[in-house]
>>> print(open('upload-v2.csv').read())   # CSV, C-alpha atoms
chain,number,residue,atom,x,y,z
A,1,GLN,CA,21.0,-2.9,-7.0
A,2,VAL,CA,17.6,-3.2,-5.4
A,3,GLN,CA,14.1,-2.5,-6.6
A,4,LEU,CA,11.5,-1.3,-4.1
A,5,VAL,CA,7.8,-1.4,-4.4
A,6,GLU,CA,5.5,0.1,-1.7
A,7,SER,CA,1.9,-1.0,-1.0
A,8,GLY,CA,-0.7,-0.5,1.6
A,9,GLY,CA,-1.6,3.1,1.1
A,10,GLY,CA,-5.2,4.4,0.9
A,11,LEU,CA,-7.9,6.5,2.4
A,12,VAL,CA,-8.5,6.4,6.1
A,13,GLN,CA,-10.4,8.5,8.6
A,14,ALA,CA,-8.5,10.4,11.3
A,15,GLY,CA,-7.6,8.1,14.2
A,16,GLY,CA,-7.4,5.1,12.0
A,17,SER,CA,-4.5,2.9,11.0
A,18,LEU,CA,-2.6,1.7,8.0
A,19,ARG,CA,0.3,-0.6,7.4
A,20,LEU,CA,2.6,0.1,4.6
A,21,SER,CA,4.8,-2.5,3.0
A,22,CYS,CA,8.0,-2.2,1.0
A,23,ALA,CA,9.0,-5.2,-1.0
A,24,ALA,CA,12.6,-5.4,-2.2
A,25,SER,CA,13.9,-7.4,-5.1
A,26,GLY,CA,17.0,-7.6,-7.2
A,27,ARG,CA,20.4,-9.3,-7.4
A,28,THR,CA,21.4,-8.3,-3.9
A,29,THR,CA,20.9,-9.1,-0.3
A,30,PHE,CA,18.2,-7.2,1.5
A,31,SER,CA,19.9,-7.4,4.8
A,32,TYR,CA,22.8,-5.3,3.4
A,33,TYR,CA,20.6,-2.2,3.5
A,34,ALA,CA,19.2,0.0,6.1
A,35,MET,CA,15.7,0.9,5.2
A,36,GLY,CA,13.9,4.2,5.6
A,37,TRP,CA,10.4,5.7,5.0
A,38,PHE,CA,10.0,9.3,3.8
A,39,ARG,CA,6.9,11.3,2.8
A,40,GLN,CA,6.0,14.3,0.7
A,41,ALA,CA,2.9,16.2,1.1
A,42,PRO,CA,1.6,18.5,-1.7
A,43,GLY,CA,3.6,21.7,-1.8
A,44,LYS,CA,6.0,20.6,0.8
A,45,GLU,CA,9.5,19.1,0.7
A,46,ARG,CA,10.2,15.5,1.3
A,47,GLU,CA,10.7,14.7,4.9
A,48,PHE,CA,12.1,11.8,6.9
A,49,VAL,CA,9.6,9.6,8.8
A,50,ALA,CA,11.4,6.5,10.1
A,51,ALA,CA,14.3,4.2,9.5
A,52,VAL,CA,15.5,0.8,10.7
A,53,SER,CA,19.0,-0.7,10.7
A,54,TRP,CA,20.0,-3.6,8.5
A,55,ASN,CA,19.3,-6.1,11.2
A,56,GLY,CA,16.2,-4.4,12.8
A,57,GLY,CA,18.1,-3.7,16.0
A,58,SER,CA,18.0,0.0,15.8
A,59,THR,CA,15.2,2.4,14.8
A,60,VAL,CA,14.8,6.1,14.5
A,61,TYR,CA,11.7,8.3,14.1
A,62,ALA,CA,10.7,11.8,13.3
A,63,ASP,CA,9.3,13.6,16.3
A,64,SER,CA,6.0,14.1,14.4
A,65,VAL,CA,5.4,10.3,14.3
A,66,LYS,CA,7.1,9.1,17.4
A,67,GLY,CA,4.8,6.9,19.5
A,68,ARG,CA,2.3,6.5,16.6
A,69,PHE,CA,4.3,4.9,13.8
A,70,THR,CA,6.4,1.7,14.0
A,71,ILE,CA,9.0,0.7,11.5
A,72,SER,CA,10.1,-3.0,11.2
A,73,ARG,CA,11.6,-5.4,8.7
A,74,ASP,CA,11.6,-9.1,7.9
A,75,ASN,CA,14.8,-10.0,6.1
A,76,ALA,CA,13.5,-13.4,5.3
A,77,LYS,CA,10.7,-11.8,3.3
A,78,ASN,CA,12.8,-9.0,1.9
A,79,THR,CA,10.2,-6.6,3.2
A,80,ALA,CA,10.1,-3.5,5.4
A,81,TYR,CA,6.9,-2.2,7.1
A,82,LEU,CA,5.5,1.0,8.5
A,83,GLN,CA,2.7,0.6,10.9
A,84,MET,CA,0.8,3.9,11.2
A,85,ASN,CA,-1.6,4.4,14.1
A,86,SER,CA,-3.6,7.4,15.3
A,87,LEU,CA,-3.4,9.0,11.9
A,88,THR,CA,-4.2,12.7,11.4
A,89,PRO,CA,-4.9,14.7,8.3
A,90,GLU,CA,-1.3,16.1,8.7
A,91,ASP,CA,-0.1,12.6,7.8
A,92,THR,CA,-1.5,12.9,4.3
A,93,ALA,CA,1.3,12.5,1.8
A,94,VAL,CA,2.9,10.2,-0.7
A,95,TYR,CA,5.0,7.7,1.3
A,96,TYR,CA,8.3,6.4,-0.1
A,97,CYS,CA,10.5,3.6,1.1
A,98,ALA,CA,14.2,3.8,0.5
A,99,ALA,CA,17.3,1.7,0.9
A,100,ASP,CA,20.7,2.8,2.2
A,101,PRO,CA,23.4,0.5,0.8
A,102,ASN,CA,25.9,1.7,3.4
A,103,GLY,CA,23.7,0.9,6.3
A,104,ARG,CA,26.0,-1.7,7.7
A,105,THR,CA,28.9,0.6,7.9
A,106,ARG,CA,27.2,3.6,9.6
A,107,THR,CA,27.3,4.0,13.3
A,108,ARG,CA,23.8,5.3,13.3
A,109,VAL,CA,20.8,4.8,11.0
A,110,SER,CA,20.6,7.7,8.6
A,111,VAL,CA,17.8,10.2,8.5
A,112,ARG,CA,19.2,11.9,5.4
A,113,GLY,CA,17.4,11.2,2.2
A,114,ARG,CA,20.6,11.8,0.2
A,115,GLU,CA,22.2,8.8,1.8
A,116,TYR,CA,19.5,6.5,0.5
A,117,ASP,CA,20.4,5.4,-3.0
A,118,TYR,CA,17.3,3.4,-4.0
A,119,TRP,CA,13.7,4.6,-3.8
A,120,GLY,CA,10.3,3.1,-4.5
A,121,GLN,CA,7.6,4.8,-6.6
A,122,GLY,CA,5.6,5.8,-3.5
A,123,THR,CA,2.1,5.1,-2.2
A,124,GLN,CA,-0.5,7.6,-1.4
A,125,VAL,CA,-1.9,8.0,2.1
A,126,THR,CA,-4.9,10.2,2.6
A,127,VAL,CA,-6.3,10.9,6.1
A,128,SER,CA,-9.7,12.5,6.2
A,129,SER,CA,-10.9,14.6,9.1
>>> encode(input="upload-v2.csv", output="C-alpha coordinates")
Amino acid sequence: QVQLVESGGGLVQAGGSLRLSCAASGRTTFSYYAMGWFRQAPGKEREFVAAVSWNGGSTVYADSVKGRFTISRDNAKNTAYLQMNSLTPEDTAVYYCAADPNGRTRTRVSVRGREYDYWGQGTQVTVSS
(Lines of atoms letter the chains of each structure in order from A and count residues from 1; the text may use other names and numbers.)
(Lines give C-alpha, C1' and ligand atoms only; values in the text may rest on other atoms or scores of the structure.)
Protein backbone atom coordinates (compact mmCIF):
# COMPACT_ATOMS: atom_id res chain seq x y z
CA GLN A 1 0.00 0.00 0.00
CA VAL A 2 1.17 3.52 -0.73
CA GLN A 3 0.28 6.89 0.75
CA LEU A 4 0.33 9.96 -1.48
CA VAL A 5 0.65 13.61 -0.48
CA GLU A 6 0.36 16.42 -3.01
CA SER A 7 1.90 19.86 -2.64
CA GLY A 8 2.66 22.91 -4.71
CA GLY A 9 -0.82 24.22 -5.39
CA GLY A 10 -1.77 27.84 -4.97
CA LEU A 11 -3.05 31.00 -6.59
CA VAL A 12 -1.45 32.13 -9.83
CA GLN A 13 -2.31 34.61 -12.55
CA ALA A 14 -3.27 33.48 -16.02
CA GLY A 15 -0.18 32.71 -18.04
CA GLY A 16 1.77 31.71 -14.98
CA SER A 17 3.25 28.40 -13.90
CA LEU A 18 3.07 25.99 -10.98
CA ARG A 19 4.83 22.74 -10.20
CA LEU A 20 2.89 20.14 -8.27
CA SER A 21 4.63 17.37 -6.37
CA CYS A 22 3.29 14.03 -5.20
CA ALA A 23 5.32 12.34 -2.49
CA ALA A 24 4.77 8.63 -1.98
CA SER A 25 5.41 6.66 1.18
CA GLY A 26 4.59 3.27 2.61
CA ARG A 27 5.87 -0.27 2.72
CA THR A 28 6.08 -0.61 -1.00
CA THR A 29 8.25 0.21 -3.98
CA PHE A 30 7.34 3.42 -5.77
CA SER A 31 8.58 2.17 -9.12
CA TYR A 32 5.92 -0.56 -9.09
CA TYR A 33 3.28 2.07 -9.78
CA ALA A 34 2.26 4.09 -12.76
CA MET A 35 1.37 7.58 -11.59
CA GLY A 36 -1.39 9.85 -12.73
CA TRP A 37 -2.73 13.33 -12.13
CA PHE A 38 -6.44 14.08 -12.17
CA ARG A 39 -8.40 17.22 -11.39
CA GLN A 40 -11.87 18.20 -10.34
CA ALA A 41 -13.33 21.66 -10.80
CA PRO A 42 -16.37 22.84 -8.79
CA GLY A 43 -19.54 21.32 -10.14
CA LYS A 44 -17.69 19.11 -12.59
CA GLU A 45 -16.66 15.49 -12.68
CA ARG A 46 -13.11 14.43 -12.03
CA GLU A 47 -11.05 14.34 -15.22
CA PHE A 48 -7.79 12.85 -16.29
CA VAL A 49 -4.86 15.23 -16.73
CA ALA A 50 -1.66 13.24 -17.26
CA ALA A 51 0.03 9.96 -16.43
CA VAL A 52 3.52 8.48 -16.50
CA SER A 53 4.63 4.87 -16.67
CA TRP A 54 6.44 3.16 -13.82
CA ASN A 55 9.86 3.92 -15.29
CA GLY A 56 9.06 7.34 -16.73
CA GLY A 57 9.47 6.09 -20.26
CA SER A 58 5.91 6.69 -21.38
CA THR A 59 3.58 9.62 -20.76
CA VAL A 60 0.06 10.51 -21.79
CA TYR A 61 -1.84 13.79 -21.57
CA ALA A 62 -5.36 15.07 -21.86
CA ASP A 63 -5.82 17.15 -24.99
CA SER A 64 -6.66 20.19 -22.87
CA VAL A 65 -3.19 20.27 -21.29
CA LYS A 66 -1.01 18.85 -24.04
CA GLY A 67 1.91 21.14 -24.76
CA ARG A 68 1.43 23.09 -21.52
CA PHE A 69 1.80 20.45 -18.78
CA THR A 70 4.62 17.99 -18.24
CA ILE A 71 4.46 14.96 -16.00
CA SER A 72 7.60 13.35 -14.65
CA ARG A 73 8.82 11.20 -11.80
CA ASP A 74 11.93 10.57 -9.76
CA ASN A 75 11.87 7.02 -8.45
CA ALA A 76 14.90 7.65 -6.25
CA LYS A 77 12.89 10.34 -4.43
CA ASN A 78 9.54 8.50 -4.54
CA THR A 79 8.00 11.58 -6.09
CA ALA A 80 5.94 12.44 -9.15
CA TYR A 81 5.63 15.94 -10.56
CA LEU A 82 3.31 17.96 -12.73
CA GLN A 83 4.82 21.07 -14.28
CA MET A 84 2.03 23.38 -15.39
CA ASN A 85 2.77 26.28 -17.72
CA SER A 86 0.60 28.82 -19.51
CA LEU A 87 -2.15 28.34 -16.98
CA THR A 88 -5.65 29.58 -17.71
CA PRO A 89 -8.68 30.05 -15.44
CA GLU A 90 -10.06 26.82 -16.91
CA ASP A 91 -7.25 24.97 -15.14
CA THR A 92 -8.67 25.95 -11.76
CA ALA A 93 -9.44 22.76 -9.84
CA VAL A 94 -8.36 20.48 -7.06
CA TYR A 95 -5.52 18.35 -8.41
CA TYR A 96 -5.08 14.78 -7.24
CA CYS A 97 -2.24 12.38 -7.79
CA ALA A 98 -2.96 8.69 -7.97
CA ALA A 99 -1.05 5.41 -8.17
CA ASP A 100 -1.86 2.43 -10.38
CA PRO A 101 -0.45 -0.73 -8.81
CA ASN A 102 -0.81 -2.63 -12.07
CA GLY A 103 1.16 -0.13 -14.09
CA ARG A 104 3.97 -2.55 -14.86
CA THR A 105 1.61 -5.08 -16.39
CA ARG A 106 -0.35 -2.75 -18.64
CA THR A 107 0.63 -2.26 -22.24
CA ARG A 108 -0.38 1.39 -22.01
CA VAL A 109 -0.45 3.93 -19.22
CA SER A 110 -4.01 4.12 -17.99
CA VAL A 111 -6.15 7.26 -18.24
CA ARG A 112 -9.01 5.69 -16.28
CA GLY A 113 -9.41 6.82 -12.72
CA ARG A 114 -10.91 3.50 -11.66
CA GLU A 115 -7.62 1.78 -12.42
CA TYR A 116 -5.79 3.93 -9.87
CA ASP A 117 -6.19 2.38 -6.44
CA TYR A 118 -4.42 4.99 -4.30
CA TRP A 119 -5.17 8.70 -4.16
CA GLY A 120 -3.81 11.75 -2.41
CA GLN A 121 -5.92 14.32 -0.61
CA GLY A 122 -5.61 16.88 -3.38
CA THR A 123 -4.11 20.33 -3.74
CA GLN A 124 -6.01 23.43 -4.86
CA VAL A 125 -4.90 25.28 -7.98
CA THR A 126 -6.58 28.60 -8.65
CA VAL A 127 -5.81 30.62 -11.77
CA SER A 128 -7.01 34.21 -11.82
CA SER A 129 -7.79 36.09 -15.01
>>> closest_atom_pairs(input="upload-v2.csv", of="segment 2-39 of chain A", to="segment 59-66 of chain A", cutoff="12 Å", atoms="all atoms listed in the file", output="JSON lines")
{"residue": "A:Ala34", "atom": "CA", "partner": "A:Thr59", "partner_atom": "CA", "distance": 9.9}
{"residue": "A:Met35", "atom": "CA", "partner": "A:Thr59", "partner_atom": "CA", "distance": 9.7}
{"residue": "A:Gly36", "atom": "CA", "partner": "A:Val60", "partner_atom": "CA", "distance": 9.1}
{"residue": "A:Trp37", "atom": "CA", "partner": "A:Tyr61", "partner_atom": "CA", "distance": 9.6}
{"residue": "A:Phe38", "atom": "CA", "partner": "A:Ala62", "partner_atom": "CA", "distance": 9.8}
{"residue": "A:Arg39", "atom": "CA", "partner": "A:Ala62", "partner_atom": "CA", "distance": 11.2}
>>> closest_residue(input="upload-v2.csv", among="A:Ser31, A:Glu47, A:Cys22, A:Thr105", to="Asn75 of chain A", atoms="only C-alpha atoms")
A:Ser31
>>> residues_around(input="upload-v2.csv", residues="Gly43 of chain A", least_positions_apart="5", cutoff="12 Å", atoms="all atoms listed in the file", output="list in words")
Thr92, Ala93 and Val94 of chain A
>>> closest_residue(input="upload-v2.csv", among="A:Gly113, A:Gly67, A:Pro89, A:Gly16", to="Ser128 of chain A", atoms="only C-alpha atoms")
A:Pro89
>>> residues_around(input="upload-v2.csv", residues="Asn85 of chain A", least_positions_apart="5", cutoff="12 Å", atoms="only C-alpha atoms", output="mmCIF file with C-alpha atoms, in the frame of the given file")
data_model
loop_
_atom_site.group_PDB
_atom_site.id
_atom_site.type_symbol
_atom_site.label_atom_id
_atom_site.label_comp_id
_atom_site.auth_asym_id
_atom_site.auth_seq_id
_atom_site.Cartn_x
_atom_site.Cartn_y
_atom_site.Cartn_z
ATOM 1 C CA VAL A 12 -8.500 6.400 6.100
ATOM 2 C CA GLN A 13 -10.400 8.500 8.600
ATOM 3 C CA ALA A 14 -8.500 10.400 11.300
ATOM 4 C CA GLY A 15 -7.600 8.100 14.200
ATOM 5 C CA GLY A 16 -7.400 5.100 12.000
ATOM 6 C CA SER A 17 -4.500 2.900 11.000
ATOM 7 C CA LEU A 18 -2.600 1.700 8.000
ATOM 8 C CA ARG A 19 0.300 -0.600 7.400
ATOM 9 C CA LEU A 20 2.600 0.100 4.600
ATOM 10 C CA VAL A 65 5.400 10.300 14.300
ATOM 11 C CA LYS A 66 7.100 9.100 17.400
ATOM 12 C CA GLY A 67 4.800 6.900 19.500
ATOM 13 C CA ARG A 68 2.300 6.500 16.600
ATOM 14 C CA PHE A 69 4.300 4.900 13.800
ATOM 15 C CA THR A 70 6.400 1.700 14.000
ATOM 16 C CA ILE A 71 9.000 0.700 11.500
ATOM 17 C CA ASP A 91 -0.100 12.600 7.800
ATOM 18 C CA VAL A 127 -6.300 10.900 6.100
#
>>> residues_around(input="upload-v2.csv", residues="Thr29 of chain A", least_positions_apart="4", cutoff="9 Å", atoms="only C-alpha atoms", output="list in words")
Val2, Ser25, Tyr33, Asn75 and Asn78 of chain A
>>> closest_residue(input="upload-v2.csv", among="A:Gly103, A:Ala80, A:Pro42, A:Trp54", to="Ala23 of chain A", atoms="only C-alpha atoms")
A:Ala80
>>> closest_residue(input="upload-v2.csv", among="A:Ser53, A:Gln124, A:Gln1, A:Ser21", to="Arg104 of chain A", atoms="all atoms listed in the file")
A:Ser53
>>> atom_distance(input="upload-v2.csv", atom1="atom CA of Arg108 of chain A", atom2="atom CA of Thr88 of chain A")
29.0 Å
>>> closest_residue(input="upload-v2.csv", among="A:Gln3, A:Thr79, A:Thr107, A:Thr123", to="Ala41 of chain A", atoms="only C-alpha atoms")
A:Thr123
